[in-house]
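J.: For reference, this is structure_31.pdb, and it has PDB, C-alpha atoms.
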ATOM      1  CA  MET A 229     -26.068  97.123 333.975
ATOM      2  CA  PHE A 230     -29.553  96.033 332.893
ATOM      3  CA  TYR A 231     -30.228  99.366 331.237
ATOM      4  CA  GLU A 232     -27.037  99.112 329.180
ATOM      5  CA  LYS A 233     -27.892  95.579 328.053
ATOM      6  CA  PHE A 234     -31.465  96.330 326.951
ATOM      7  CA  LYS A 235     -31.543 100.037 326.040
ATOM      8  CA  SER A 236     -31.339  99.157 322.346
ATOM      9  CA  ILE A 237     -34.740  97.451 322.356
ATOM     10  CA  GLY A 238     -36.523 100.761 322.973
ATOM     11  CA  ALA A 239     -39.349 101.569 325.394
ATOM     12  CA  ILE A 240     -36.794 101.326 328.189
ATOM     13  CA  GLU A 241     -38.776 103.829 330.291
ATOM     14  CA  LYS A 242     -41.721 101.392 330.203
ATOM     15  CA  ILE A 243     -39.501  98.420 330.991
ATOM     16  CA  ILE A 244     -37.566  99.790 333.973
ATOM     17  CA  LYS A 245     -39.486 101.605 336.711
ATOM     18  CA  THR A 246     -37.913 103.060 339.811
ATOM     19  CA  THR A 247     -39.380 103.982 343.174
ATOM     20  CA  ASN A 248     -38.394 106.738 345.541
ATOM     21  CA  LYS A 249     -36.601 104.049 347.573
ATOM     22  CA  ASN A 250     -34.181 103.348 344.701
ATOM     23  CA  LYS A 251     -35.826 100.019 343.939
ATOM     24  CA  TYR A 252     -36.084  98.900 340.342
ATOM     25  CA  TYR A 253     -38.950  97.012 338.767
ATOM     26  CA  ILE A 254     -38.181  95.365 335.434
ATOM     27  CA  ASP A 255     -40.968  94.199 333.143
ATOM     28  CA  THR A 256     -39.397  91.022 331.777
ATOM     29  CA  VAL A 257     -42.657  90.051 330.072
ATOM     30  CA  LEU A 258     -42.556  93.249 328.015
ATOM     31  CA  ILE A 259     -38.887  92.702 327.154
ATOM     32  CA  ASN A 260     -39.637  89.216 325.868
ATOM     33  CA  ARG A 261     -42.663  90.453 323.916
ATOM     34  CA  ILE A 262     -40.579  93.176 322.212
ATOM     35  CA  ILE A 263     -37.802  90.727 321.349
ATOM     36  CA  LEU A 264     -40.278  88.168 319.974
ATOM     37  CA  ASN A 265     -42.043  90.879 317.927
ATOM     38  CA  ARG A 266     -38.711  91.918 316.447
ATOM     39  CA  GLU A 267     -38.104  88.324 315.450
ATOM     40  CA  GLY A 268     -41.392  88.323 313.549
ATOM     41  CA  LEU A 269     -43.916  86.884 316.001
ATOM     42  CA  LYS A 270     -47.296  88.585 316.111
ATOM     43  CA  ASN A 271     -48.752  89.623 319.460
ATOM     44  CA  ASP A 272     -51.675  87.258 318.849
ATOM     45  CA  ASN A 273     -49.225  84.352 318.875
ATOM     46  CA  ILE A 274     -47.600  85.257 322.199
ATOM     47  CA  ILE A 275     -49.330  83.866 325.272
ATOM     48  CA  GLU A 276     -48.539  85.263 328.682
ATOM     49  CA  SER A 277     -49.175  82.852 331.566
ATOM     50  CA  LYS A 278     -49.698  85.695 334.084
ATOM     51  CA  ILE A 279     -48.463  83.368 336.818
ATOM     52  CA  CYS A 280     -46.480  85.211 339.467
ATOM     53  CA  THR A 281     -43.565  83.094 340.670
ATOM     54  CA  LYS A 282     -43.390  84.949 343.993
ATOM     55  CA  CYS A 283     -47.107  84.402 344.652
ATOM     56  CA  ASN A 284     -46.837  80.751 343.559
ATOM     57  CA  SER A 285     -43.465  79.841 345.043
ATOM     58  CA  ASN A 286     -44.944  76.540 346.241
ATOM     59  CA  LYS A 287     -45.175  75.535 342.544
ATOM     60  CA  LEU A 288     -42.442  77.594 340.843
ATOM     61  CA  HIS A 289     -39.018  78.805 341.876
ATOM     62  CA  SER A 290     -38.874  82.442 342.911
ATOM     63  CA  TYR A 291     -35.673  84.266 343.773
ATOM     64  CA  ARG A 292     -37.756  87.123 345.182
ATOM     65  CA  GLU A 293     -39.347  84.715 347.653
ATOM     66  CA  GLU A 294     -36.594  82.151 348.292
ATOM     67  CA  LYS A 295     -33.427  84.221 347.702
ATOM     68  CA  GLU A 296     -30.288  82.054 347.488
ATOM     69  CA  LYS A 297     -32.299  78.880 348.161
ATOM     70  CA  SER A 298     -34.273  79.232 344.933
ATOM     71  CA  GLY A 299     -33.995  76.903 341.974
ATOM     72  CA  ARG A 300     -34.408  77.801 338.301
ATOM     73  CA  ASN A 301     -37.421  78.085 336.015
ATOM     74  CA  THR A 302     -37.606  77.378 332.331
ATOM     75  CA  GLY A 303     -39.712  78.581 329.467
ATOM     76  CA  ILE A 304     -41.437  76.436 326.894
ATOM     77  CA  ILE A 305     -41.709  77.516 323.290
ATOM     78  CA  SER A 306     -43.877  75.569 320.892
ATOM     79  CA  LEU A 307     -44.372  75.796 317.159
ATOM     80  CA  LYS A 308     -47.702  74.590 315.837
TER      81      LYS A 308
END
Could you write out this file's structure as structure tokens?
T.:
Amino acid sequence: MFYEKFKSIGAIEKIIKTTNKNKYYIDTVLINRIILNREGLKNDNIIESKICTKCNSNKLHSYREEKEKSGRNTGIISLK
């Protein structure tokens, strides 16, 4: 389902990784970067927080950590 939704953005083999246990790892940061680049933003103007929600679930919601008990996160976009 995810592949079908995002295959048009290209680099799908870099975005979706699989393991030998049939687990999928999806690089949502890369997806957002590609989409923002297509909309005209330069890489220099995209800042990645590098904060892992699973590792920081005491501060941010993480479905991977909390499962059905998790809340929702939001993103902040600012124009200067």
J.: Using the chain letters and numbers from this file, what does the PyMOL selection byres ((chain A and resi 238-240) around 10) select? Give the answer as number ranges by chain.
T.: A: 231, 234-237, 241-245, 254-255, 258-259, 262
J.: Excluding A:Ile304 and residues on its chain fewer than 3 positions from it, collect all residues at most 12 Å away from it, counting all atoms listed in the file, and give them as a list in words.
T.: Ile274, Ile275, Glu276, Ser277, Asn301 and Leu307 of chain A
J.: As a check of understanding, name the residues that the PyMOL selection byres ((chain A and resi 279-282) around 12) selects in the supplied structure, as a VMD selection string.
T.: chain A and resid 256 to 257 275 to 278 283 to 295 298 to 302
J.: Go ahead and fit an axis-aligned box to every listed atom of stretch 241-258 of chain A plus 4 Å each side, and pass me the centre and edge lengths in Å, one decimal, as AutoDock Vina command-line options.
T.:
--center_x -38.4 --center_y 98.4 --center_z 337.8 --size_x 16.5 --size_y 24.7 --size_z 27.6
J.: To one decimal place, how far is atom CA of A:Arg261 from atom CA of A:Ser306 in Å?
T.: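 Atom CA of A:Ser306 lies 15.2 Å from atom CA of A:Arg261.
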J.: One decimal, Å: what's the distance from atom CA of A:Thr247 over to atom CA of A:Lys297, could you say?
T.: 26.6 Å
J.: Please measure the separation of atom CA of A:Thr246 and atom CA of A:Glu296, giving the value in Å to one decimal.
T.: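 Separation between atom CA of A:Thr246 and atom CA of A:Glu296: 23.6 Å.
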